[in-house]
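Chemist: Below is the file structure-v5.txt, with compact mmCIF, C-alpha atoms.
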```txt
# COMPACT_ATOMS: atom_id res chain seq x y z
CA MET A 1 -25.77 -150.71 -77.54
CA ASP A 2 -27.79 -152.09 -80.45
CA LEU A 3 -26.43 -155.47 -81.56
CA PRO A 4 -29.02 -157.29 -83.70
CA LEU A 5 -26.48 -159.36 -85.67
CA THR A 6 -24.75 -160.50 -82.48
CA ALA A 7 -28.08 -161.30 -80.83
CA ALA A 8 -28.97 -163.51 -83.79
CA VAL A 9 -25.82 -165.63 -83.27
CA ALA A 10 -25.58 -165.74 -79.47
CA SER A 11 -27.90 -168.07 -77.58
CA HIS A 12 -28.20 -165.37 -74.91
CA LEU A 13 -26.86 -161.83 -75.04
CA GLU A 14 -26.55 -159.43 -72.14
CA VAL A 15 -25.03 -155.96 -72.45
CA LEU A 16 -23.99 -154.32 -69.19
CA THR A 17 -23.53 -150.59 -68.75
CA ASP A 18 -20.43 -151.39 -66.73
CA ALA A 19 -18.87 -154.45 -65.16
CA GLY A 20 -15.95 -155.41 -62.96
CA SER A 21 -14.88 -158.49 -64.93
CA THR A 22 -17.16 -159.95 -67.59
CA ASN A 23 -15.38 -163.31 -67.28
CA GLU A 24 -16.03 -163.47 -63.55
CA ILE A 25 -19.69 -162.44 -63.90
CA LEU A 26 -20.39 -164.95 -66.67
CA SER A 27 -18.53 -167.70 -64.83
CA GLU A 28 -20.60 -167.13 -61.69
CA ARG A 29 -23.85 -167.12 -63.64
CA ALA A 30 -22.87 -170.29 -65.49
CA ARG A 31 -22.19 -172.04 -62.17
CA GLU A 32 -25.50 -170.91 -60.73
CA SER A 33 -27.68 -171.85 -63.69
CA ARG A 34 -27.48 -174.55 -66.35
CA SER A 35 -29.92 -172.42 -68.33
CA MET A 36 -26.91 -170.33 -69.34
CA SER A 37 -26.39 -172.22 -72.57
CA HIS A 38 -23.55 -172.67 -75.02
CA LEU A 39 -22.65 -169.39 -76.76
CA SER A 40 -24.15 -167.16 -74.07
CA VAL A 41 -22.47 -163.76 -74.28
CA LEU A 42 -21.88 -161.01 -71.72
CA LEU A 43 -20.29 -157.74 -72.75
CA THR A 44 -19.67 -154.14 -71.78
CA ASP A 45 -17.77 -151.13 -73.07
CA ASN A 46 -16.85 -150.14 -69.52
CA GLN A 47 -14.98 -152.92 -67.73
CA THR A 48 -13.48 -151.65 -64.47
CA ALA A 49 -11.62 -154.66 -63.05
CA GLY A 50 -10.64 -156.84 -65.97
CA HIS A 51 -7.58 -159.03 -65.91
CA GLY A 52 -5.40 -160.86 -68.38
CA ARG A 53 -2.83 -163.62 -68.26
CA LEU A 54 -0.41 -163.87 -65.34
CA GLY A 55 -2.80 -161.84 -63.16
CA ARG A 56 -2.22 -158.58 -65.03
CA SER A 57 -4.89 -155.93 -64.68
CA TRP A 58 -6.76 -154.75 -67.77
CA THR A 59 -8.53 -151.41 -67.69
CA ALA A 60 -9.64 -148.86 -70.26
CA ALA A 61 -11.54 -145.59 -70.37
CA PRO A 62 -15.34 -145.97 -70.62
CA GLY A 63 -16.44 -146.50 -74.21
CA ALA A 64 -12.89 -147.02 -75.47
CA SER A 65 -12.99 -150.81 -75.79
CA LEU A 66 -15.24 -153.85 -75.73
CA ALA A 67 -14.94 -156.55 -73.07
CA VAL A 68 -16.70 -159.68 -74.30
CA SER A 69 -17.08 -163.04 -72.56
CA VAL A 70 -18.46 -166.15 -74.27
CA LEU A 71 -19.65 -169.33 -72.58
CA LEU A 72 -18.63 -172.56 -74.32
CA ARG A 73 -20.35 -175.76 -73.20
CA ARG A 74 -19.97 -177.90 -76.32
CA LEU A 75 -16.35 -178.71 -75.73
CA PRO A 76 -13.74 -180.96 -77.31
CA GLN A 77 -12.09 -183.68 -75.25
CA PRO A 78 -9.92 -182.34 -72.40
CA ASP A 79 -6.62 -182.98 -74.20
CA ALA A 80 -7.73 -180.70 -77.07
CA ARG A 81 -9.04 -177.81 -74.95
CA GLY A 82 -5.68 -176.06 -74.88
CA TRP A 83 -6.48 -175.05 -78.45
CA ILE A 84 -9.50 -172.97 -77.43
CA PRO A 85 -7.54 -169.70 -76.83
CA LEU A 86 -5.89 -170.13 -80.23
CA ALA A 87 -9.30 -170.79 -81.81
CA ALA A 88 -10.52 -167.54 -80.25
CA GLY A 89 -7.45 -165.74 -81.56
CA VAL A 90 -8.02 -167.00 -85.09
CA ALA A 91 -11.74 -166.15 -84.94
CA MET A 92 -11.11 -162.63 -83.66
CA ALA A 93 -8.25 -162.01 -86.08
CA ASP A 94 -10.50 -163.00 -88.98
CA ALA A 95 -13.28 -160.72 -87.71
CA ILE A 96 -10.92 -157.77 -87.26
CA ALA A 97 -9.33 -158.35 -90.67
CA GLU A 98 -12.75 -158.01 -92.31
CA GLN A 99 -12.87 -154.41 -91.08
CA LEU A 100 -9.19 -153.64 -91.60
CA PRO A 101 -8.51 -155.08 -95.07
CA ASP A 102 -5.52 -152.83 -95.69
CA HIS A 103 -3.66 -153.92 -92.56
CA GLU A 104 -1.76 -157.02 -91.46
CA VAL A 105 -3.78 -158.84 -88.78
CA ALA A 106 -2.14 -161.72 -86.93
CA VAL A 107 -2.13 -163.74 -83.72
CA LYS A 108 0.72 -163.51 -81.25
CA TRP A 109 1.08 -166.83 -79.46
CA PRO A 110 -0.79 -167.67 -77.37
CA ASN A 111 -3.50 -165.07 -76.87
CA ASP A 112 -3.09 -161.64 -78.49
CA VAL A 113 -4.33 -160.24 -81.79
CA LEU A 114 -1.99 -157.79 -83.51
CA VAL A 115 -2.57 -155.25 -86.24
CA ASP A 116 0.62 -154.21 -88.04
CA GLY A 117 2.54 -155.72 -85.13
CA ARG A 118 0.68 -153.80 -82.40
CA LYS A 119 -1.80 -155.33 -79.96
CA ILE A 120 -5.47 -154.59 -80.55
CA CYS A 121 -7.01 -157.48 -78.61
CA GLY A 122 -6.17 -159.75 -75.70
CA ILE A 123 -7.77 -163.11 -74.92
CA LEU A 124 -8.18 -164.99 -71.66
CA ALA A 125 -9.82 -168.44 -71.50
CA GLN A 126 -10.84 -169.80 -68.10
CA ALA A 127 -12.15 -173.31 -67.42
CA THR A 128 -15.00 -174.04 -65.02
CA GLN A 129 -16.18 -177.49 -63.98
CA ASP A 130 -18.14 -178.13 -67.19
CA ALA A 131 -17.47 -175.15 -69.45
CA VAL A 132 -14.90 -172.70 -70.74
CA ILE A 133 -15.31 -168.92 -70.57
CA VAL A 134 -13.47 -167.06 -73.32
CA GLY A 135 -12.91 -163.39 -72.59
CA THR A 136 -11.65 -160.86 -75.12
CA GLY A 137 -10.82 -157.19 -74.82
CA VAL A 138 -10.83 -155.27 -78.11
CA ASN A 139 -9.53 -151.72 -78.44
CA THR A 140 -12.22 -150.00 -80.48
CA ALA A 141 -12.50 -146.24 -79.82
CA MET A 142 -9.31 -145.90 -77.74
CA THR A 143 -7.31 -142.81 -78.66
CA GLU A 144 -3.53 -142.66 -78.99
CA SER A 145 -3.22 -141.02 -75.57
CA GLN A 146 -5.36 -143.77 -73.98
CA LEU A 147 -3.25 -146.67 -75.25
CA PRO A 148 -1.78 -148.52 -72.26
CA VAL A 149 1.60 -149.18 -73.94
CA PRO A 150 3.34 -147.94 -77.11
CA THR A 151 2.97 -151.41 -78.65
CA ALA A 152 -0.86 -151.22 -78.55
CA THR A 153 -3.27 -149.89 -81.15
CA SER A 154 -7.01 -149.51 -81.76
CA PHE A 155 -9.51 -149.12 -84.56
CA ALA A 156 -9.72 -145.41 -83.79
CA VAL A 157 -5.94 -144.94 -83.91
CA LEU A 158 -6.00 -146.64 -87.31
CA GLY A 159 -8.65 -144.17 -88.47
CA VAL A 160 -11.49 -146.69 -88.60
CA GLU A 161 -14.81 -146.67 -86.74
CA ALA A 162 -15.37 -150.26 -85.66
CA ASP A 163 -18.71 -151.86 -86.46
CA ALA A 164 -19.06 -153.62 -83.12
CA ASP A 165 -22.12 -155.60 -84.12
CA GLU A 166 -20.55 -157.04 -87.28
CA LEU A 167 -17.26 -157.65 -85.45
CA LEU A 168 -18.87 -159.62 -82.63
CA ALA A 169 -21.24 -161.58 -84.87
CA SER A 170 -18.37 -162.63 -87.14
CA TYR A 171 -16.23 -163.56 -84.14
CA LEU A 172 -18.95 -165.66 -82.52
CA ARG A 173 -19.78 -167.54 -85.71
CA ALA A 174 -16.13 -168.37 -86.36
CA LEU A 175 -15.36 -169.31 -82.74
CA ASP A 176 -18.37 -171.63 -82.57
CA GLU A 177 -17.44 -173.28 -85.86
CA LEU A 178 -13.77 -173.75 -84.97
CA VAL A 179 -14.55 -175.29 -81.57
CA ALA A 180 -17.29 -177.50 -83.05
CA ASP A 181 -14.92 -178.76 -85.74
CA LEU A 182 -12.25 -179.41 -83.11
CA ALA A 183 -14.71 -181.40 -81.01
CA ALA A 184 -15.92 -183.41 -84.01
CA ALA A 185 -12.46 -184.19 -85.37
CA GLY A 186 -10.86 -184.85 -82.01
CA ASP A 187 -7.63 -182.99 -82.75
CA ALA A 188 -6.53 -179.66 -84.20
CA VAL A 189 -4.63 -181.11 -87.14
CA SER A 190 -7.62 -183.06 -88.46
CA SER A 191 -10.06 -180.20 -87.82
CA GLY A 192 -7.93 -177.65 -89.69
CA LEU A 193 -7.40 -175.44 -86.64
CA HIS A 194 -3.68 -176.21 -86.53
CA ALA A 195 -3.27 -174.95 -90.10
CA ALA A 196 -5.48 -171.90 -89.50
CA ALA A 197 -3.64 -170.91 -86.32
CA SER A 198 -0.23 -171.50 -87.89
CA GLY A 199 -1.22 -169.34 -90.85
CA ARG A 200 -2.33 -166.48 -88.61
CA CYS A 201 0.53 -166.75 -86.09
CA ALA A 202 2.91 -163.78 -86.24
CA THR A 203 5.24 -165.41 -83.70
CA ILE A 204 6.40 -168.19 -86.01
CA GLY A 205 9.69 -167.29 -87.66
CA LEU A 206 10.57 -164.52 -85.22
CA GLY A 207 13.18 -164.35 -82.54
CA VAL A 208 11.51 -164.65 -79.13
CA ARG A 209 12.33 -164.16 -75.49
CA VAL A 210 10.16 -166.38 -73.31
CA SER A 211 9.82 -165.81 -69.57
CA LEU A 212 9.10 -169.27 -68.20
CA PRO A 213 7.63 -170.40 -64.89
CA GLY A 214 10.35 -170.43 -62.25
CA ASP A 215 11.93 -167.17 -63.45
CA SER A 216 13.97 -168.78 -66.24
CA VAL A 217 14.23 -167.19 -69.68
CA LEU A 218 14.50 -168.90 -73.05
CA VAL A 219 15.83 -166.99 -76.05
CA GLY A 220 15.56 -168.48 -79.51
CA THR A 221 13.54 -168.59 -82.71
CA ALA A 222 9.90 -169.68 -82.85
CA THR A 223 9.64 -172.32 -85.55
CA ALA A 224 6.11 -173.77 -85.44
CA LEU A 225 3.09 -174.81 -83.41
CA ASP A 226 3.05 -178.49 -82.49
CA ALA A 227 -0.01 -180.73 -82.57
CA ASP A 228 -0.91 -179.70 -79.00
CA GLY A 229 -0.76 -175.97 -79.70
CA ARG A 230 2.58 -175.51 -77.98
CA LEU A 231 5.08 -173.05 -79.43
CA LEU A 232 8.27 -174.74 -80.67
CA VAL A 233 11.35 -172.61 -79.99
CA LEU A 234 14.75 -173.41 -81.47
CA ALA A 235 17.46 -172.58 -78.94
CA GLY A 236 20.92 -174.03 -78.57
CA GLY A 237 20.46 -176.30 -81.54
CA ALA A 238 17.34 -178.02 -80.17
CA GLU A 239 13.60 -177.36 -80.44
CA ARG A 240 11.80 -176.92 -77.15
CA PRO A 241 7.98 -177.01 -76.81
CA ILE A 242 6.57 -174.13 -74.76
CA SER A 243 3.13 -174.60 -73.24
CA ALA A 244 3.13 -171.55 -70.96
CA GLY A 245 5.15 -168.39 -70.62
CA ASP A 246 5.28 -164.70 -71.47
CA VAL A 247 6.54 -164.28 -75.05
CA VAL A 248 8.22 -161.14 -76.37
CA HIS A 249 8.90 -160.81 -80.09
CA VAL A 250 12.52 -159.89 -80.68
CA ARG A 251 12.80 -158.22 -84.08
CA PRO A 252 16.11 -157.63 -85.85
CA ALA A 253 17.66 -154.23 -85.09
```
Before anything else, please render the file you have as structure tokens.
Modeler:
Amino acid sequence: MDLPLTAAVASHLEVLTDAGSTNEILSERARESRSMSHLSVLLTDNQTAGHGRLGRSWTAAPGASLAVSVLLRRLPQPDARGWIPLAAGVAMADAIAEQLPDHEVAVKWPNDVLVDGRKICGILAQATQDAVIVGTGVNTAMTESQLPVPTATSFAVLGVEADADELLASYLRALDELVADLAAAGDAVSSGLHAAASGRCATIGLGVRVSLPGDSVLVGTATALDADGRLLVLAGGAERPISAGDVVHVRPA
């Protein structure tokens, strides 16, 4: 895989023919060596044991998608790090939108990128002792029959051949800038990330069903993101901040 634009942005780039989980491999290498610097990137188009939020497995046919993990060492203060998955979502949504200008590209809170309401990318951020690993899985060449669920999509299904090099380079530049601005400003409102994420968030304004820890379910309307990146859901006449949970968009019949 020839990625000169990506190599020019990443501090270190490694492309694997196949990998179990790029997040796990990069996390292990980051623990073993401090020489793995900020914006080191590990990727493959054949991830065999990937996983997403809530322990869900993530697999795809060889060559059908990109699994990309990025090492972040220049971090904001701990109380602002919950914004990193949303920063990654905004960065990837912007990069995808550059190649799909005729489609609606948005972020589903907290960690999916949607095209025309269908998932094209998932994001999983994992903290280590002194770093954060941001993993993304992007459906590039996946055919209709390979889609894992009817609510998924891919560049190929949309009739577009993804330029992986341009996509990744744009994503890395934007992610690095958003996290750097967050670290410098100290909070997402001052850095502009809150406004950027709110503007890209498809969840705001929709009816939602949220499966919460402890097997409870909250049904209401998503109204906004708060200053901590939590989703505000109006239910029973009161707004409730949601920091974790599985969100399903409930569209009018």
Chemist: At what distance in Å, to one decimal, does CA of Arg209 (chain A) lie from CA of Asp246 (chain A)?
Modeler: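 About the pair CA of Asp246 (chain A) and CA of Arg209 (chain A): they are 8.1 Å apart.
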Chemist: Could you check how far CA of Ala30 (chain A) sits from CA of Ala169 (chain A), in Å to one decimal?
Modeler: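 It comes out at 21.3 Å.
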Chemist: Taking only C-alpha atoms into account, which of A:Glu98, A:Arg173, A:Leu26, A:Val70 comes nearest Leu39 (chain A)?
Modeler: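 Once distances to Leu39 (chain A) are computed over only C-alpha atoms, the minimum belongs to A:Val70.
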Chemist: I need the residue nearest Ser170 (chain A) from this list: A:Ser154, A:Ser198, A:Ser190, A:Thr6. Use all atoms listed in the file for the distance.
Modeler: A:Thr6
Chemist: Expressed in Å to a single decimal, how great is the separation between CA of Ala227 (chain A) and CA of Val248 (chain A)?
Modeler: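 CA of Ala227 (chain A) sits 22.1 Å away from CA of Val248 (chain A).
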